[in-house]
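J.: I have a structure here, written as structure tokens, and I will follow up with some questions on it.
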Amino acid sequence: MIGLTAIPYLTPGNVIMILIGLILIYLGIHRQMEPLLLVPIGIGAILANIPGGDIAGDGVFGLFLKHLISTEIVPLLIFLGLGALTDFGPLLANPITFLLGAAAQLGIFIAFLGALFLGFTAQEAASIGIIGGADGPTTIYTTTILAPHLLAATAVAAYSYMSLVPLIQPPIIKALTTKEERRIKMKQLRTVSKTTRIIFPIATIIITGLLAPKALPLIGMLMTGNLFRESGVTERLAKGARDELLNIMTILLGLTVGSTMTAESFLHPKTLLVLLLGVIAFASATAGGVLLAKLMNLFLKDKINPMIGAAGVSAVPMSARVVQKLALQEDPSNHILMHAMGPNVAGVIGSAAAAGILIYLLG
């Protein structure tokens with residue numbers, strides 16, 4: 001039983017995890033790397049590693065984990081909020097970019113095979129592979145179902161690598177493209193009608209439900225939020241989903257995931273392997289989108305800038321902004337942000353569909 005002070009009971013592992021929590025807070029505040037997530041995750045890790053605090057485990061964060069995260073409530077409600085935030089117009093204006101979002105999911109399956117090779121179970125490998133989708137809520141949703149003991153490692157990896165998009169993606173993009181390819185200008189996107197915007201989420205729900213019902217919880221909530229946004233008559237619902245609801249769920253998610261980062265569950269070689277495989281997943285996802293774009297250009301009359309393929313990971317809108325920045329470096333008049341947003345939002349759907357397939361096969 002812990003006495004008046006926790007200092008005598010502090011282990012080296014506790015100290016290491018508190019330092020890791022401080023690093024995450026530093027990256028969130030000073031470097032502004034996914035601060036809405038890294039800051040609560042960091043403070044959650046600190047709170048959970050102070051002996052006798054009783055905030056994790058059977059404490060309040062343990063209750064959040066048991067009743068809100070493990071039951072999939074929080075990840076699904078986050079997808080509802082994300083749907084209310086997402087503009088699928090660029091994707092609908094140029095549907096071919098949907099293929100780029102699909103190609104970027106290559107990283108999921110490369111990391112999955114790599115994890116199997118390193119001795120992880122199929123369920124663990126799927127939870128690690130989904131990091132390649134660069135979608136935190138999808139990673140948490142999948143891991144909660146297939147390998148809940150890896151939740152801390154996969155969640156931290158997913159959100160950390162999302163925050164490192166500006167550092168990870170540019171070298172890969174430049175290595176796979178020529179200067180001439182990076183300077184390709186694309187035609188202005190057509191205007192998408194309101195009717196099309198309304199039909200899209202409804203049709204996606206129906207098609208997903210019929211073809212891949214295990215992906216329906218994620219995609220269904222995403223598209224429900226998007227219908228609130230696009231219908232024009234449910235603005236209050238859309239605002240509530242993207243503002244109040246999303247903010248509350250993000251707080252609960254960040255603090256609870258951070259609280260799972262106890263020294264006992266986080267400090268072992270398997271965690272390091274998860275982090276390494278996460279990098280491989282993210283890098284290969286970036287490469288997959290770029291390479292498919294280059295392949296498509298062999299057959300397209302109107303060439304696409306292959307850099308937008310890198311935005312097929314679902315780190316919205318950070319990845320699209322990285323692509324835009326690279327394009328402007330090559331040609332200050334080349335604005336391809338909206339073109340990059342097409343595969344970027346397609347990646348959200350792609351990662352959710354991949355998660356549904358893995359859950360169906362392995363759950």
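We label chains A, B, ... in the order they appear in the structure tokens, count residues from 1 in each chain, and number ligands from 1 in the order shown.
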As number ranges by chain, please: the residues near Leu77 (chain A) (cut-off 8 Å, only C-alpha atoms, same-chain neighbours under 3 positions excluded).
T.: A: 73-74, 80-81, 221, 245-246, 249
J.: Show me, as a short mmCIF file (atom, residue, chain, number, x, y, z; two decimals) with N, CA and C atoms, in the first residue's frame, the residues that have an atom within 6 Å of Gly129 (chain A) when counting only C-alpha atoms, minus same-chain residues fewer than 5 positions from it.
T.:
data_model
loop_
_atom_site.label_atom_id
_atom_site.label_comp_id
_atom_site.auth_asym_id
_atom_site.auth_seq_id
_atom_site.Cartn_x
_atom_site.Cartn_y
_atom_site.Cartn_z
N ILE A 108 -0.47 -1.00 -45.12
CA ILE A 108 -1.13 -1.82 -44.10
C ILE A 108 -0.73 -3.29 -44.27
N ALA A 111 3.17 -4.05 -43.71
CA ALA A 111 3.48 -4.13 -42.28
C ALA A 111 2.86 -5.38 -41.65
N PHE A 112 1.68 -5.75 -42.12
CA PHE A 112 1.01 -6.97 -41.63
C PHE A 112 1.89 -8.19 -41.89
#
J.: Env of region 319-331 of chain A: 12 Å cut, atoms = only C-alpha atoms, seq-sep filter 5 positions within chain, self excluded. Answer as a compact mmCIF listing (two decimals) with C-alpha atoms, in the first residue's frame.
T.:
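What follows is the written file result.txt:
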# COMPACT_ATOMS: atom_id res chain seq x y z
CA PRO A 90 -12.38 17.01 -54.39
CA GLY A 101 -6.35 6.37 -51.70
CA ALA A 104 -1.84 3.94 -50.17
CA GLY A 133 -3.43 3.95 -42.88
CA ALA A 134 -2.27 6.94 -40.78
CA ASP A 135 -5.68 7.01 -39.13
CA TYR A 161 3.74 9.20 -37.23
CA MET A 162 0.74 11.28 -38.24
CA SER A 163 2.43 14.23 -36.55
CA LEU A 164 5.69 13.43 -38.35
CA VAL A 165 4.13 13.49 -41.84
CA PRO A 166 6.10 16.64 -42.81
CA LEU A 167 9.34 14.82 -41.98
CA ILE A 168 8.60 11.29 -43.22
CA GLN A 169 6.87 11.89 -46.55
CA PRO A 170 9.01 14.47 -48.45
CA PRO A 171 12.16 12.30 -48.76
CA ILE A 172 10.10 9.35 -50.00
CA ILE A 173 8.18 11.48 -52.51
CA LYS A 174 11.36 13.07 -53.88
CA THR A 177 9.57 11.29 -58.56
CA THR A 178 11.52 13.44 -60.97
CA LYS A 179 11.60 17.22 -60.93
CA GLU A 180 9.48 17.27 -64.08
CA GLU A 181 6.86 15.03 -62.48
CA ARG A 182 6.71 17.22 -59.39
CA ARG A 183 6.04 20.24 -61.62
CA ILE A 184 3.04 18.73 -63.42
CA LYS A 185 0.06 21.08 -63.31
CA MET A 186 -3.45 19.68 -63.15
CA PHE A 282 3.66 4.56 -43.18
CA ALA A 285 1.81 3.55 -47.83
CA THR A 286 3.30 6.79 -49.11
CA GLY A 289 0.21 6.01 -53.69
CA VAL A 290 3.03 7.70 -55.58
CA ASN A 305 1.01 15.01 -60.45
CA PRO A 306 2.24 11.76 -58.86
CA MET A 307 2.90 13.54 -55.57
CA ILE A 308 -0.82 13.59 -54.84
CA GLY A 309 -0.64 9.80 -54.50
CA ALA A 310 1.30 10.30 -51.28
CA ALA A 311 -1.75 12.06 -49.85
CA GLY A 312 -3.62 8.75 -50.08
CA VAL A 313 -2.75 8.12 -46.44
CA SER A 314 -5.59 9.40 -44.33
CA ILE A 336 -2.46 21.21 -56.26
CA LEU A 337 -3.85 21.23 -52.71
CA MET A 338 -7.43 20.48 -53.75
CA HIS A 339 -6.26 17.74 -56.09
CA ALA A 340 -4.33 16.17 -53.20
CA MET A 341 -7.41 16.35 -50.98
CA GLY A 342 -9.14 13.81 -53.25
CA PRO A 343 -6.86 10.87 -52.41
CA ASN A 344 -6.45 12.24 -48.89
CA VAL A 345 -10.14 11.81 -48.00
CA ALA A 346 -10.27 8.60 -50.06
CA GLY A 347 -7.60 7.27 -47.72
J.: Which one is closest to Ile25 (chain A): A:Gly220, A:Pro12, A:Gly232, A:Gly42? Count only C-alpha atoms.
T.: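 The shortest atom-to-atom distance to Ile25 (chain A) comes from A:Gly42.
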J.: Between A:Ala102, A:Leu10, A:Leu85, A:Leu358, which one has atoms that come closest to Gly288 (chain A), using only C-alpha atoms?
T.: A:Ala102
J.: What is the distance between CA of Ala241 (chain A) and CA of Phe64 (chain A), in Å to one decimal?
T.: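 Result for CA of Ala241 (chain A) versus CA of Phe64 (chain A): 20.0 Å, one decimal.
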J.: Which residue is closest to Leu362 (chain A)? Choose from A:Thr86, A:Gln32, A:Thr204, A:Ser127 and count only C-alpha atoms.
T.: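 Between A:Thr86, A:Gln32, A:Thr204, A:Ser127, the residue approaching Leu362 (chain A) most closely is A:Ser127.
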J.: Write down as a PyMOL selection string the residues of region 103-191 of chain A whose backbone DSSP state falls under helix (DSSP H, G or I).
T.: chain A and resi 103+106-117+122-133+136-146+148-163+165-176+179-182
J.: Using only C-alpha atoms, please write the residues we just selected to a file, as a JSON list (two decimals), in the first residue's frame.
T.:
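Once written, selection_35.json looks like this:
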[["chain", "number", "residue", "atom", "x", "y", "z"],
["A", 103, "ALA", "CA", -3.11, 2.19, -53.28],
["A", 106, "LEU", "CA", -0.46, -1.03, -49.41],
["A", 107, "GLY", "CA", 1.43, -0.06, -46.28],
["A", 108, "ILE", "CA", -1.13, -1.82, -44.10],
["A", 109, "PHE", "CA", -0.54, -5.18, -45.74],
["A", 110, "ILE", "CA", 3.26, -4.83, -46.01],
["A", 111, "ALA", "CA", 3.48, -4.13, -42.28],
["A", 112, "PHE", "CA", 1.01, -6.97, -41.63],
["A", 113, "LEU", "CA", 3.29, -9.45, -43.43],
["A", 114, "GLY", "CA", 6.36, -8.00, -41.72],
["A", 115, "ALA", "CA", 4.76, -8.44, -38.31],
["A", 116, "LEU", "CA", 3.87, -12.05, -39.09],
["A", 117, "PHE", "CA", 7.47, -12.68, -40.14],
["A", 122, "ALA", "CA", -2.24, -12.59, -37.06],
["A", 123, "GLN", "CA", -4.45, -10.41, -34.83],
["A", 124, "GLU", "CA", -1.44, -8.46, -33.54],
["A", 125, "ALA", "CA", -0.05, -8.11, -37.08],
["A", 126, "ALA", "CA", -3.35, -6.66, -38.31],
["A", 127, "SER", "CA", -3.41, -4.12, -35.48],
["A", 128, "ILE", "CA", 0.17, -3.09, -36.32],
["A", 129, "GLY", "CA", -0.44, -3.00, -40.06],
["A", 130, "ILE", "CA", -3.41, -0.64, -39.77],
["A", 131, "ILE", "CA", -0.94, 2.03, -38.58],
["A", 132, "GLY", "CA", -0.05, 2.36, -42.27],
["A", 133, "GLY", "CA", -3.43, 3.95, -42.88],
["A", 136, "GLY", "CA", -5.60, 7.06, -35.34],
["A", 137, "PRO", "CA", -9.27, 6.22, -34.61],
["A", 138, "THR", "CA", -9.19, 3.33, -37.09],
["A", 139, "THR", "CA", -6.02, 2.00, -35.49],
["A", 140, "ILE", "CA", -7.58, 2.16, -32.03],
["A", 141, "TYR", "CA", -10.83, 0.60, -33.24],
["A", 142, "THR", "CA", -9.01, -2.31, -34.90],
["A", 143, "THR", "CA", -6.59, -2.89, -32.02],
["A", 144, "THR", "CA", -9.38, -2.81, -29.45],
["A", 145, "ILE", "CA", -11.11, -5.67, -31.26],
["A", 146, "LEU", "CA", -8.11, -7.77, -32.33],
["A", 148, "PRO", "CA", -6.24, -4.83, -27.01],
["A", 149, "HIS", "CA", -2.94, -5.45, -25.18],
["A", 150, "LEU", "CA", -1.17, -3.53, -27.98],
["A", 151, "LEU", "CA", -3.44, -0.49, -27.72],
["A", 152, "ALA", "CA", -0.89, 1.85, -26.17],
["A", 153, "ALA", "CA", 1.89, 0.97, -28.63],
["A", 154, "THR", "CA", -0.23, 1.11, -31.79],
["A", 155, "ALA", "CA", -2.06, 4.30, -30.78],
["A", 156, "VAL", "CA", 1.14, 6.16, -29.90],
["A", 157, "ALA", "CA", 2.77, 4.94, -33.13],
["A", 158, "ALA", "CA", -0.21, 5.99, -35.27],
["A", 159, "TYR", "CA", -0.54, 9.47, -33.81],
["A", 160, "SER", "CA", 3.21, 10.06, -33.59],
["A", 161, "TYR", "CA", 3.74, 9.20, -37.23],
["A", 162, "MET", "CA", 0.74, 11.28, -38.24],
["A", 163, "SER", "CA", 2.43, 14.23, -36.55],
["A", 165, "VAL", "CA", 4.13, 13.49, -41.84],
["A", 166, "PRO", "CA", 6.10, 16.64, -42.81],
["A", 167, "LEU", "CA", 9.34, 14.82, -41.98],
["A", 168, "ILE", "CA", 8.60, 11.29, -43.22],
["A", 169, "GLN", "CA", 6.87, 11.89, -46.55],
["A", 170, "PRO", "CA", 9.01, 14.47, -48.45],
["A", 171, "PRO", "CA", 12.16, 12.30, -48.76],
["A", 172, "ILE", "CA", 10.10, 9.35, -50.00],
["A", 173, "ILE", "CA", 8.18, 11.48, -52.51],
["A", 174, "LYS", "CA", 11.36, 13.07, -53.88],
["A", 175, "ALA", "CA", 13.10, 9.71, -54.16],
["A", 176, "LEU", "CA", 10.26, 8.29, -56.28],
["A", 179, "LYS", "CA", 11.60, 17.22, -60.93],
["A", 180, "GLU", "CA", 9.48, 17.27, -64.08],
["A", 181, "GLU", "CA", 6.86, 15.03, -62.48],
["A", 182, "ARG", "CA", 6.71, 17.22, -59.39]]
J.: Which residue, A:Val60, A:Val348, A:Ala6, A:Leu276, has the smallest gap to Met223 (chain A) when you use only C-alpha atoms?
T.: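 Answer, going by the shortest atom-to-atom distance: A:Val348.
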J.: Between A:Leu237, A:Leu253, A:Ile16, A:Leu118, which is the closest to Leu277 (chain A) once you count only C-alpha atoms?
T.: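 Going through A:Leu237, A:Leu253, A:Ile16, A:Leu118 one by one, the smallest distance to Leu277 (chain A) is for A:Leu118.
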J.: Pick from A:Ala56, A:Leu295, A:Leu218, A:Ala147: nearest to Gly363 (chain A), with only C-alpha atoms counted?
T.: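 Among the listed residues, the smallest separation from Gly363 (chain A) belongs to A:Ala147.
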J.: Rounded to one decimal place, report the CA of Ile199 (chain A)-CA of Ala352 (chain A) distance in Å.
T.: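 Computing the Euclidean distance for CA of Ile199 (chain A) and CA of Ala352 (chain A) yields 19.8 Å.
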J.: Hey, can you check how far CA of Ile46 (chain A) sits from CA of Ile20 (chain A)?
T.: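 About the pair CA of Ile46 (chain A) and CA of Ile20 (chain A): they are 8.3 Å apart.
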J.: Taking 6 positions as the minimum chain separation for residues in the same chain, which residues sit within 12 Å of Ser231 (chain A) when counting only C-alpha atoms? Answer as a list in words.
T.: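 Residues near the query, excluding close chain neighbours: Ala84, Ser193, Lys194, Thr195, Thr196, Arg197, Ile198, Ile199, Phe200, Pro201, Ile202, Met223, Thr224, Gly225, Leu237 and Ala238 of chain A.
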J.: List the spatial neighbours of Ile50 (chain A) as a PyMOL selection string - criterion: any atom at most 9 Å away, only C-alpha atoms, same-chain residues fewer than 6 positions off excluded.
T.: chain A and resi 6-7+9-10+14-15+18
